[in-house]
file work.csv (CSV, C-alpha atoms (C1' of nucleotides))
chain,number,residue,atom,x,y,z
U,1,MET,CA,0.9,1.4,1.5
U,2,PHE,CA,-1.4,0.7,4.4
U,3,LYS,CA,-4.4,-0.6,2.7
U,4,LEU,CA,-6.4,-3.8,2.9
U,5,SER,CA,-6.1,-5.8,-0.3
U,6,LYS,CA,-9.2,-6.1,-2.4
U,7,LYS,CA,-9.3,-9.8,-1.7
U,8,ALA,CA,-9.3,-9.2,2.0
U,9,ASP,CA,-12.1,-6.7,1.4
U,10,TYR,CA,-14.1,-9.2,-0.6
U,11,GLY,CA,-13.4,-11.8,2.1
U,12,LEU,CA,-15.0,-9.5,4.8
U,13,ILE,CA,-18.0,-8.9,2.5
U,14,ALA,CA,-18.4,-12.6,1.9
U,15,VAL,CA,-18.2,-13.5,5.6
U,16,LYS,CA,-20.6,-10.8,6.5
U,17,HIS,CA,-23.0,-12.0,3.8
U,18,LEU,CA,-22.8,-15.5,5.2
U,19,ALA,CA,-23.4,-14.2,8.7
U,20,MET,CA,-26.6,-12.5,7.5
U,21,HIS,CA,-27.8,-15.7,5.8
U,22,ARG,CA,-26.9,-18.3,8.3
U,23,ASP,CA,-29.5,-20.9,9.2
U,24,GLN,CA,-30.6,-20.5,5.6
U,25,HIS,CA,-29.2,-22.3,2.6
U,26,ALA,CA,-25.5,-22.5,1.8
U,27,CYS,CA,-24.4,-19.6,-0.4
U,28,SER,CA,-22.5,-20.3,-3.6
U,29,ALA,CA,-19.5,-18.2,-4.7
U,30,THR,CA,-21.5,-17.1,-7.7
U,31,GLU,CA,-24.4,-16.0,-5.7
U,32,ILE,CA,-22.3,-13.8,-3.4
U,33,ALA,CA,-20.2,-12.5,-6.2
U,34,GLU,CA,-23.2,-11.4,-8.2
U,35,GLU,CA,-24.9,-9.8,-5.2
U,36,TYR,CA,-22.0,-7.4,-4.8
U,37,GLY,CA,-20.9,-7.1,-8.4
U,38,ILE,CA,-17.6,-8.9,-7.9
U,39,SER,CA,-15.9,-11.3,-10.4
U,40,THR,CA,-17.2,-14.8,-9.7
U,41,MET,CA,-13.8,-16.4,-10.2
U,42,LEU,CA,-12.1,-14.1,-7.8
U,43,MET,CA,-14.8,-14.5,-5.1
U,44,ALA,CA,-14.4,-18.2,-5.5
U,45,LYS,CA,-10.7,-17.9,-4.8
U,46,VAL,CA,-11.3,-15.8,-1.7
U,47,LEU,CA,-13.8,-18.3,-0.3
U,48,GLN,CA,-11.4,-21.1,-0.9
U,49,LYS,CA,-8.8,-19.4,1.2
U,50,LEU,CA,-11.4,-18.8,3.9
U,51,ALA,CA,-12.4,-22.5,3.7
U,52,ARG,CA,-8.8,-23.6,4.0
U,53,GLN,CA,-8.5,-21.7,7.3
U,54,ARG,CA,-11.8,-23.2,8.5
U,55,ILE,CA,-13.5,-19.9,8.7
U,56,VAL,CA,-16.2,-21.1,6.4
U,57,SER,CA,-17.1,-24.6,5.5
U,58,ALA,CA,-17.7,-25.7,1.9
U,59,ARG,CA,-20.3,-28.0,0.5
U,60,HIS,CA,-19.7,-29.5,-3.0
U,61,GLY,CA,-22.3,-30.4,-5.5
U,62,ALA,CA,-25.7,-29.1,-6.5
U,63,SER,CA,-27.3,-26.7,-4.0
U,64,GLY,CA,-23.9,-26.6,-2.3
U,65,GLY,CA,-21.9,-23.5,-1.4
U,66,TYR,CA,-20.5,-22.0,1.8
U,67,LEU,CA,-21.6,-21.7,5.4
U,68,LEU,CA,-20.0,-20.0,8.3
U,69,ALA,CA,-17.9,-22.5,10.3
U,70,LYS,CA,-18.2,-20.5,13.6
U,71,GLU,CA,-20.4,-18.1,15.3
U,72,PRO,CA,-20.1,-14.5,13.9
U,73,SER,CA,-19.0,-13.4,17.3
U,74,GLN,CA,-16.1,-15.8,17.2
U,75,ILE,CA,-14.8,-14.6,13.8
U,76,THR,CA,-12.6,-11.5,14.0
U,77,ALA,CA,-11.6,-9.1,11.2
U,78,LEU,CA,-8.0,-10.3,11.8
U,79,ASP,CA,-9.0,-13.9,11.2
U,80,VAL,CA,-10.5,-13.0,7.8
U,81,ILE,CA,-7.7,-10.7,6.7
U,82,SER,CA,-4.9,-13.0,7.7
U,83,ALA,CA,-6.6,-16.0,6.2
U,84,ILE,CA,-6.5,-14.2,2.9
U,85,ASP,CA,-3.4,-12.1,2.9
U,86,GLY,CA,-1.2,-13.9,5.4
U,87,PRO,CA,0.0,-12.5,8.7
U,88,VAL,CA,-0.5,-8.8,9.3
U,89,LEU,CA,3.0,-7.3,9.6
U,90,ILE,CA,3.3,-3.5,9.2
U,91,THR,CA,7.0,-3.9,8.4
U,92,SER,CA,8.6,-6.8,6.6
U,93,CYS,CA,11.4,-6.9,9.2
U,94,VAL,CA,9.2,-7.4,12.3
U,95,THR,CA,9.8,-11.1,12.2
U,96,ASN,CA,13.5,-10.4,11.9
U,97,HIS,CA,14.4,-13.1,9.4
U,98,GLY,CA,17.5,-11.3,8.4
U,99,ASN,CA,16.1,-10.1,5.1
U,100,CYS,CA,16.5,-6.5,6.3
U,101,GLY,CA,20.1,-5.6,5.8
U,102,ALA,CA,20.0,-2.7,8.2
U,103,ALA,CA,18.5,-4.8,11.0
U,104,ASP,CA,21.2,-4.1,13.5
U,105,LYS,CA,21.2,-0.4,12.7
U,106,CYS,CA,17.5,0.0,12.5
U,107,SER,CA,16.2,2.0,15.4
U,108,VAL,CA,12.5,1.9,14.7
U,109,ARG,CA,12.0,-1.9,14.6
U,110,GLU,CA,11.1,-2.3,18.2
U,111,PRO,CA,8.7,0.7,18.4
U,112,LEU,CA,7.0,-0.4,15.2
U,113,ARG,CA,6.6,-3.9,16.6
U,114,ARG,CA,4.6,-2.4,19.4
U,115,VAL,CA,2.5,-0.4,17.0
U,116,ASN,CA,1.9,-3.6,15.0
U,117,GLU,CA,0.7,-5.3,18.2
U,118,SER,CA,-1.8,-2.6,18.7
U,119,ILE,CA,-3.1,-2.9,15.3
U,120,LEU,CA,-3.5,-6.6,15.7
U,121,SER,CA,-5.4,-5.9,18.9
U,122,VAL,CA,-7.7,-3.5,17.1
U,123,LEU,CA,-8.4,-6.0,14.3
U,124,SER,CA,-9.0,-8.9,16.6
U,125,THR,CA,-11.3,-6.9,18.7
U,126,VAL,CA,-13.7,-6.3,15.9
U,127,THR,CA,-15.8,-9.4,15.1
U,128,ILE,CA,-18.2,-10.1,12.3
U,129,SER,CA,-21.1,-9.7,14.7
U,130,HIS,CA,-19.7,-6.2,15.6
U,131,MET,CA,-19.7,-5.5,11.9
U,132,SER,CA,-23.3,-6.4,11.5
U,133,GLU,CA,-24.6,-4.5,14.5
U,134,GLU,CA,-25.9,-1.0,14.3
U,135,GLN,CA,-25.1,0.2,17.8
U,136,HIS,CA,-21.4,0.8,18.4
U,137,GLU,CA,-20.3,0.8,22.0
U,138,PRO,CA,-16.7,2.0,22.4
U,139,VAL,CA,-14.2,-0.6,23.4
U,140,LEU,CA,-10.9,0.2,25.0
U,141,VAL,CA,-7.8,-1.3,23.6
U,142,GLU,CA,-4.6,-1.2,25.5
U,143,LEU,CA,-1.9,0.3,23.4
U,144,GLN,CA,1.8,-0.3,24.2
U,145,THR,CA,3.6,2.8,23.3
W,146,MET,CA,-1.3,-5.9,1.9
W,147,PHE,CA,-1.2,-4.1,5.2
W,148,LYS,CA,2.3,-2.9,5.3
W,149,LEU,CA,4.2,0.3,5.8
W,150,SER,CA,6.0,1.3,2.6
W,151,LYS,CA,9.8,1.3,2.8
W,152,LYS,CA,9.7,5.0,2.2
W,153,ALA,CA,7.5,5.5,5.3
W,154,ASP,CA,9.9,3.3,7.2
W,155,TYR,CA,12.8,5.3,6.1
W,156,GLY,CA,11.0,8.4,7.0
W,157,LEU,CA,10.5,7.2,10.6
W,158,ILE,CA,14.2,6.2,10.8
W,159,ALA,CA,15.2,9.7,9.6
W,160,VAL,CA,12.9,11.6,11.9
W,161,LYS,CA,14.1,9.5,14.8
W,162,HIS,CA,17.7,10.1,13.8
W,163,LEU,CA,17.1,13.8,13.7
W,164,ALA,CA,15.4,13.7,17.1
W,165,MET,CA,18.4,12.1,18.6
W,166,HIS,CA,20.7,14.7,17.1
W,167,ARG,CA,18.8,17.8,17.7
W,168,ASP,CA,20.6,20.8,19.2
W,169,GLN,CA,23.5,19.6,17.2
W,170,HIS,CA,24.4,20.2,13.6
W,171,ALA,CA,21.9,19.8,10.7
W,172,CYS,CA,22.1,16.3,9.3
W,173,SER,CA,22.4,15.9,5.5
W,174,ALA,CA,20.5,13.3,3.6
W,175,THR,CA,23.7,11.6,2.7
W,176,GLU,CA,24.8,11.4,6.3
W,177,ILE,CA,21.5,9.8,7.4
W,178,ALA,CA,21.4,7.4,4.5
W,179,GLU,CA,24.9,6.1,5.1
W,180,GLU,CA,24.3,5.7,8.8
W,181,TYR,CA,21.6,3.2,8.1
W,182,GLY,CA,22.8,1.7,4.8
W,183,ILE,CA,20.0,3.3,2.7
W,184,SER,CA,20.3,4.7,-0.8
W,185,THR,CA,21.2,8.4,-0.6
W,186,MET,CA,18.9,9.4,-3.5
W,187,LEU,CA,16.0,7.6,-1.8
W,188,MET,CA,16.6,9.1,1.6
W,189,ALA,CA,16.8,12.5,0.0
W,190,LYS,CA,13.4,12.0,-1.6
W,191,VAL,CA,11.9,11.0,1.7
W,192,LEU,CA,13.3,13.9,3.5
W,193,GLN,CA,12.0,16.2,0.8
W,194,LYS,CA,8.5,15.0,1.4
W,195,LEU,CA,8.9,15.5,5.1
W,196,ALA,CA,10.1,19.0,4.5
W,197,ARG,CA,7.1,19.8,2.3
W,198,GLN,CA,4.8,18.9,5.2
W,199,ARG,CA,6.9,21.0,7.6
W,200,ILE,CA,7.9,18.0,9.7
W,201,VAL,CA,11.5,18.8,9.2
W,202,SER,CA,13.1,22.0,8.0
W,203,ALA,CA,15.8,22.1,5.4
W,204,ARG,CA,18.9,24.2,5.2
W,205,HIS,CA,20.5,24.7,1.8
W,206,GLY,CA,24.2,25.3,1.2
W,207,ALA,CA,27.4,24.0,2.6
W,208,SER,CA,27.0,22.4,6.0
W,209,GLY,CA,23.3,22.5,5.5
W,210,GLY,CA,20.9,19.6,6.0
W,211,TYR,CA,17.7,18.9,7.9
W,212,LEU,CA,16.5,19.7,11.4
W,213,LEU,CA,13.3,18.7,13.1
W,214,ALA,CA,10.7,21.4,12.7
W,215,LYS,CA,8.9,20.5,15.9
W,216,GLU,CA,9.4,18.9,19.3
W,217,PRO,CA,9.7,15.1,19.0
W,218,SER,CA,6.7,14.9,21.3
W,219,GLN,CA,4.7,16.8,18.8
W,220,ILE,CA,5.4,14.6,15.8
W,221,THR,CA,3.3,11.5,15.6
W,222,ALA,CA,3.9,8.3,13.6
W,223,LEU,CA,0.8,9.2,11.6
W,224,ASP,CA,2.3,12.6,10.7
W,225,VAL,CA,5.4,11.0,9.2
W,226,ILE,CA,3.6,8.1,7.5
W,227,SER,CA,0.9,10.3,5.9
W,228,ALA,CA,3.5,12.9,4.9
W,229,ILE,CA,5.2,10.3,2.8
W,230,ASP,CA,2.5,7.9,1.6
W,231,GLY,CA,-0.5,10.2,1.7
W,232,PRO,CA,-3.6,9.7,3.8
W,233,VAL,CA,-3.9,6.4,5.6
W,234,LEU,CA,-7.0,4.7,4.3
W,235,ILE,CA,-7.4,1.0,4.9
W,236,THR,CA,-9.8,0.7,2.0
W,237,SER,CA,-9.8,2.8,-1.2
W,238,CYS,CA,-13.5,3.4,-0.9
W,239,VAL,CA,-13.5,5.0,2.5
W,240,THR,CA,-13.6,8.4,1.0
W,241,ASN,CA,-16.4,7.3,-1.2
W,242,HIS,CA,-15.3,9.1,-4.4
W,243,GLY,CA,-17.5,6.8,-6.4
W,244,ASN,CA,-14.5,4.7,-7.7
W,245,CYS,CA,-15.9,1.6,-6.0
W,246,GLY,CA,-18.6,0.3,-8.3
W,247,ALA,CA,-20.3,-1.7,-5.5
W,248,ALA,CA,-20.4,1.2,-3.1
W,249,ASP,CA,-24.1,1.1,-2.6
W,250,LYS,CA,-24.1,-2.6,-2.1
W,251,CYS,CA,-21.0,-2.7,0.0
W,252,SER,CA,-21.9,-3.7,3.5
W,253,VAL,CA,-18.6,-3.4,5.1
W,254,ARG,CA,-17.7,0.1,4.3
W,255,GLU,CA,-19.1,1.7,7.4
W,256,PRO,CA,-17.5,-0.9,9.8
W,257,LEU,CA,-14.2,-0.6,8.1
W,258,ARG,CA,-14.4,3.2,8.3
W,259,ARG,CA,-14.5,2.8,12.1
W,260,VAL,CA,-11.6,0.4,12.1
W,261,ASN,CA,-9.7,2.9,10.1
W,262,GLU,CA,-10.5,5.6,12.7
W,263,SER,CA,-9.1,3.3,15.3
W,264,ILE,CA,-5.9,2.7,13.4
W,265,LEU,CA,-5.4,6.4,12.9
W,266,SER,CA,-5.9,6.9,16.6
W,267,VAL,CA,-3.2,4.3,17.4
W,268,LEU,CA,-0.8,5.9,14.9
W,269,SER,CA,-1.4,9.4,16.2
W,270,THR,CA,-0.9,8.3,19.8
W,271,VAL,CA,2.6,7.2,19.1
W,272,THR,CA,5.0,10.1,18.9
W,273,ILE,CA,8.7,10.2,18.0
W,274,SER,CA,9.6,10.8,21.6
W,275,HIS,CA,7.6,7.7,22.5
W,276,MET,CA,9.7,5.9,19.9
W,277,SER,CA,12.9,7.1,21.5
W,278,GLU,CA,12.0,6.2,25.1
W,279,GLU,CA,12.9,3.0,26.7
W,280,GLN,CA,10.0,2.7,29.2
W,281,HIS,CA,6.7,1.9,27.7
W,282,GLU,CA,3.7,2.8,29.7
W,283,PRO,CA,0.5,1.4,28.3
W,284,VAL,CA,-1.9,4.0,26.8
W,285,LEU,CA,-5.6,3.3,26.4
W,286,VAL,CA,-7.1,4.1,23.0
W,287,GLU,CA,-10.8,4.2,22.5
W,288,LEU,CA,-11.9,1.9,19.8
W,289,GLN,CA,-15.2,2.4,18.1
W,290,THR,CA,-16.5,-1.0,17.2
H,291,DT,C1',32.2,32.3,-7.4
H,292,DA,C1',32.9,27.5,-6.7
H,293,DT,C1',31.1,24.0,-3.9
H,294,DG,C1',28.0,21.5,-1.4
H,295,DA,C1',23.5,21.2,0.0
H,296,DG,C1',18.3,20.6,-1.0
H,297,DG,C1',13.8,20.7,-4.6
H,298,DC,C1',11.4,18.6,-8.1
H,299,DG,C1',9.7,15.8,-11.7
H,300,DA,C1',10.4,12.3,-15.2
H,301,DC,C1',11.6,7.9,-15.7
H,302,DC,C1',12.5,2.7,-15.5
H,303,DG,C1',12.5,-1.9,-13.7
H,304,DA,C1',11.0,-4.9,-10.1
H,305,DA,C1',7.6,-6.6,-7.2
H,306,DT,C1',3.1,-7.1,-5.8
H,307,DT,C1',-1.7,-7.6,-6.6
H,308,DA,C1',-5.9,-8.4,-9.4
H,309,DG,C1',-8.1,-11.3,-12.1
H,310,DT,C1',-8.6,-15.5,-15.5
H,311,DC,C1',-8.4,-20.1,-17.2
H,312,DT,C1',-8.1,-25.0,-16.9
H,313,DT,C1',-8.5,-29.4,-15.0
H,314,DA,C1',-9.9,-32.3,-11.2
H,315,DT,C1',-13.1,-33.7,-7.7
H,316,DA,C1',-17.3,-34.0,-4.9
H,317,DT,C1',-22.5,-33.9,-4.4
H,318,DG,C1',-27.3,-34.0,-5.3
H,319,DC,C1',-31.1,-34.8,-8.5
H,320,DT,C1',-33.6,-37.1,-12.0
I,321,DA,C1',-26.0,-44.1,-14.1
I,322,DG,C1',-25.4,-39.7,-15.8
I,323,DC,C1',-25.8,-34.9,-15.8
I,324,DA,C1',-25.7,-30.4,-13.8
I,325,DT,C1',-23.7,-27.7,-10.3
I,326,DA,C1',-20.4,-26.8,-6.8
I,327,DT,C1',-15.9,-26.4,-4.8
I,328,DA,C1',-10.3,-27.1,-5.1
I,329,DA,C1',-6.1,-25.9,-6.7
I,330,DG,C1',-2.5,-24.2,-9.3
I,331,DA,C1',-0.7,-22.0,-13.5
I,332,DC,C1',-0.9,-18.1,-16.0
I,333,DT,C1',-1.5,-13.1,-17.6
I,334,DA,C1',-2.5,-8.3,-16.9
I,335,DA,C1',-2.5,-4.2,-14.3
I,336,DT,C1',-0.9,-1.5,-10.7
I,337,DT,C1',2.1,0.0,-7.3
I,338,DC,C1',6.6,0.7,-5.4
I,339,DG,C1',11.5,1.1,-5.1
I,340,DG,C1',15.0,3.3,-6.8
I,341,DT,C1',17.7,6.4,-10.3
I,342,DC,C1',18.9,10.5,-13.0
I,343,DG,C1',19.1,15.1,-14.5
I,344,DC,C1',18.5,19.8,-14.0
I,345,DC,C1',17.4,23.5,-11.0
I,346,DT,C1',17.7,26.7,-6.9
I,347,DC,C1',19.8,28.3,-2.8
I,348,DA,C1',23.4,29.3,0.8
I,349,DT,C1',27.8,29.5,2.4
I,350,DA,C1',32.9,29.5,2.7
call {"tool": "encode", "arguments": {"input": "work.csv", "output": "structure tokens"}}
result
Amino acid sequence: MFKLSKKADYGLIAVKHLAMHRDQHACSATEIAEEYGISTMLMAKVLQKLARQRIVSARHGASGGYLLAKEPSQITALDVISAIDGPVLITSCVTNHGNCGAADKCSVREPLRRVNESILSVLSTVTISHMSEEQHEPVLVELQT
Amino acid sequence: MFKLSKKADYGLIAVKHLAMHRDQHACSATEIAEEYGISTMLMAKVLQKLARQRIVSARHGASGGYLLAKEPSQITALDVISAIDGPVLITSCVTNHGNCGAADKCSVREPLRRVNESILSVLSTVTISHMSEEQHEPVLVELQT
DNA sequence: TATGAGGCGACCGAATTAGTCTTATATGCT
DNA sequence: AGCATATAAGACTAATTCGGTCGCCTCATA
């Protein structure tokens, strides 16, 4: 209902792993998958999606693998999640493509759109480097009620 | 992936409807369902769940229906959503019931737990009365990164 | 006491998500 | 050159979740 998909979860794990091993060798999908006990095939799929969005860069061939394409502080949780699962929309009718029959009657669309904005703002405030740090300074996010 | 279920959506619609018709008659499930073009059966299910969590109160019998059990300002979006879909957990392993095999290896659980807290905080800041108002003053939410 | 309302659980089909397989392509090493 | 090792991509299947329906029950009121 309001859950991250496993793939997105795996994506965050992979990106964090790469962040911890940067300036070292490229990590292969197999290497990362085995480290966390995840199916190799599936991890490969996830990394491919991240590569397509230029969050990681891939190196073919022997001793190849993946490297972060940006600084960990420049990669947000939102980047990773939406690279894998597509845009984050808490309701399917937020974009208003007419697929919601009750669109004109629906009285909650506008308020939910604002809640959606707030969640995007939370997710884009958290970066991979935040996720690797130990100290956690509070950050204020402006929420449009 | 990161979406409200339709049931939760319908729940918010119903609660907002009740908020707009308080001090009037009790609204039946059928009445609300028809107003927004939603299946009567399904709307009934949703209202039953809301009643079980004491968000709305039900009146049996002829000219019965549902009434809000609290002030609109005392009902948060989180109340409604979790009444219908259960606790809001962005990952299934947040509660750590051992169902995630990689729990000990998983390096993102703690950061995600904090993101989850922030989302809860957003959802519990938005009340039904907020959702009915037109003006939207920004509210600051403290986000634990 | 008949009628109109909610309460609850079982159930089914559809949609989404998780995970696998296969084939193609690129790279490095010997 | 040729082989081993990687990624790339899409088709495919299995598993799970979700949306929606139905039937039977209880309760309250006209």
call {"tool": "atom_distance", "arguments": {"input": "work.csv", "atom1": "atom CA of Ala159 of chain W", "atom2": "atom CA of Ile220 of chain W"}}
result
12.6 Å
call {"tool": "atom_distance", "arguments": {"input": "work.csv", "atom1": "atom CA of His275 of chain W", "atom2": "atom CA of Glu216 of chain W"}}
result
11.8 Å
call {"tool": "residues_around", "arguments": {"input": "work.csv", "residues": "segment 293-303 of chain H", "least_positions_apart": "5", "cutoff": "12 Å", "atoms": "all atoms listed in the file", "output": "CSV table (one decimal) with C-alpha atoms (C1' of nucleotides), keeping the file's coordinate frame"}}
result
chain,number,residue,atom,x,y,z
W,171,ALA,CA,21.9,19.8,10.7
W,172,CYS,CA,22.1,16.3,9.3
W,173,SER,CA,22.4,15.9,5.5
W,174,ALA,CA,20.5,13.3,3.6
W,175,THR,CA,23.7,11.6,2.7
W,176,GLU,CA,24.8,11.4,6.3
W,186,MET,CA,18.9,9.4,-3.5
W,188,MET,CA,16.6,9.1,1.6
W,189,ALA,CA,16.8,12.5,0.0
W,190,LYS,CA,13.4,12.0,-1.6
W,191,VAL,CA,11.9,11.0,1.7
W,192,LEU,CA,13.3,13.9,3.5
W,193,GLN,CA,12.0,16.2,0.8
W,194,LYS,CA,8.5,15.0,1.4
W,196,ALA,CA,10.1,19.0,4.5
W,197,ARG,CA,7.1,19.8,2.3
W,202,SER,CA,13.1,22.0,8.0
W,203,ALA,CA,15.8,22.1,5.4
W,204,ARG,CA,18.9,24.2,5.2
W,205,HIS,CA,20.5,24.7,1.8
W,206,GLY,CA,24.2,25.3,1.2
W,207,ALA,CA,27.4,24.0,2.6
W,208,SER,CA,27.0,22.4,6.0
W,209,GLY,CA,23.3,22.5,5.5
W,210,GLY,CA,20.9,19.6,6.0
W,211,TYR,CA,17.7,18.9,7.9
I,338,DC,C1',6.6,0.7,-5.4
I,339,DG,C1',11.5,1.1,-5.1
I,340,DG,C1',15.0,3.3,-6.8
I,341,DT,C1',17.7,6.4,-10.3
I,342,DC,C1',18.9,10.5,-13.0
I,343,DG,C1',19.1,15.1,-14.5
I,344,DC,C1',18.5,19.8,-14.0
I,345,DC,C1',17.4,23.5,-11.0
I,346,DT,C1',17.7,26.7,-6.9
I,347,DC,C1',19.8,28.3,-2.8
I,348,DA,C1',23.4,29.3,0.8
I,349,DT,C1',27.8,29.5,2.4
I,350,DA,C1',32.9,29.5,2.7
call {"tool": "closest_atom_pairs", "arguments": {"input": "work.csv", "of": "chain I", "to": "chain U", "cutoff": "8 Å", "atoms": "only C-alpha atoms (C1' of nucleotides)", "output": "CSV"}}
result
residue,atom,partner,partner_atom,distance
I:DA324,C1',U:Ala62,CA,7.4
I:DT325,C1',U:Ala62,CA,4.5
I:DA326,C1',U:Gly61,CA,4.3
I:DT327,C1',U:His60,CA,5.2
I:DA328,C1',U:Gln48,CA,7.4
call {"tool": "atom_distance", "arguments": {"input": "work.csv", "atom1": "atom CA of Pro232 of chain W", "atom2": "atom CA of Asn261 of chain W"}}
result
11.1 Å
call {"tool": "closest_residue", "arguments": {"input": "work.csv", "among": "W:Val271, W:Lys148, W:Glu180, W:Val253", "to": "chain H", "atoms": "all atoms listed in the file"}}
result
W:Lys148
call {"tool": "residues_around", "arguments": {"input": "work.csv", "residues": "Gln74 of chain U", "least_positions_apart": "2", "cutoff": "9 Å", "atoms": "all atoms listed in the file", "output": "JSON, numbers by chain"}}
result
{"U": [70, 71, 72, 76, 127, 128, 129]}
call {"tool": "closest_atom_pairs", "arguments": {"input": "work.csv", "of": "chain H", "to": "chain U", "cutoff": "10 Å", "atoms": "all atoms listed in the file", "output": "JSON lines"}}
result
{"residue": "H:DT307", "atom": "C1'", "partner": "U:Ser5", "partner_atom": "CA", "distance": 7.9}
{"residue": "H:DA308", "atom": "C1'", "partner": "U:Lys6", "partner_atom": "CA", "distance": 8.1}
{"residue": "H:DG309", "atom": "C1'", "partner": "U:Leu42", "partner_atom": "CA", "distance": 6.5}
{"residue": "H:DT310", "atom": "C1'", "partner": "U:Met41", "partner_atom": "CA", "distance": 7.5}
{"residue": "H:DC311", "atom": "C1'", "partner": "U:Met41", "partner_atom": "CA", "distance": 9.6}
{"residue": "H:DT315", "atom": "C1'", "partner": "U:His60", "partner_atom": "CA", "distance": 9.1}
{"residue": "H:DA316", "atom": "C1'", "partner": "U:His60", "partner_atom": "CA", "distance": 5.4}
{"residue": "H:DT317", "atom": "C1'", "partner": "U:Gly61", "partner_atom": "CA", "distance": 3.7}
{"residue": "H:DG318", "atom": "C1'", "partner": "U:Ala62", "partner_atom": "CA", "distance": 5.3}
{"residue": "H:DC319", "atom": "C1'", "partner": "U:Ala62", "partner_atom": "CA", "distance": 8.1}
call {"tool": "closest_residue", "arguments": {"input": "work.csv", "among": "W:His170, W:Leu195, W:Leu265, W:Phe147", "to": "chain U", "atoms": "only C-alpha atoms"}}
result
W:Phe147
call {"tool": "closest_residue", "arguments": {"input": "work.csv", "among": "W:Leu223, W:Ser252, W:Leu234, W:Ala178", "to": "Ala19 of chain U", "atoms": "only C-alpha atoms"}}
result
W:Ser252
call {"tool": "closest_residue", "arguments": {"input": "work.csv", "among": "W:Leu257, W:Val267, W:Ile183, W:Ile235", "to": "chain U", "atoms": "only C-alpha atoms"}}
result
W:Ile235
call {"tool": "closest_residue", "arguments": {"input": "work.csv", "among": "W:Ser227, W:Gln198, W:Thr236, W:Gln169", "to": "chain U", "atoms": "all atoms listed in the file"}}
result
W:Thr236
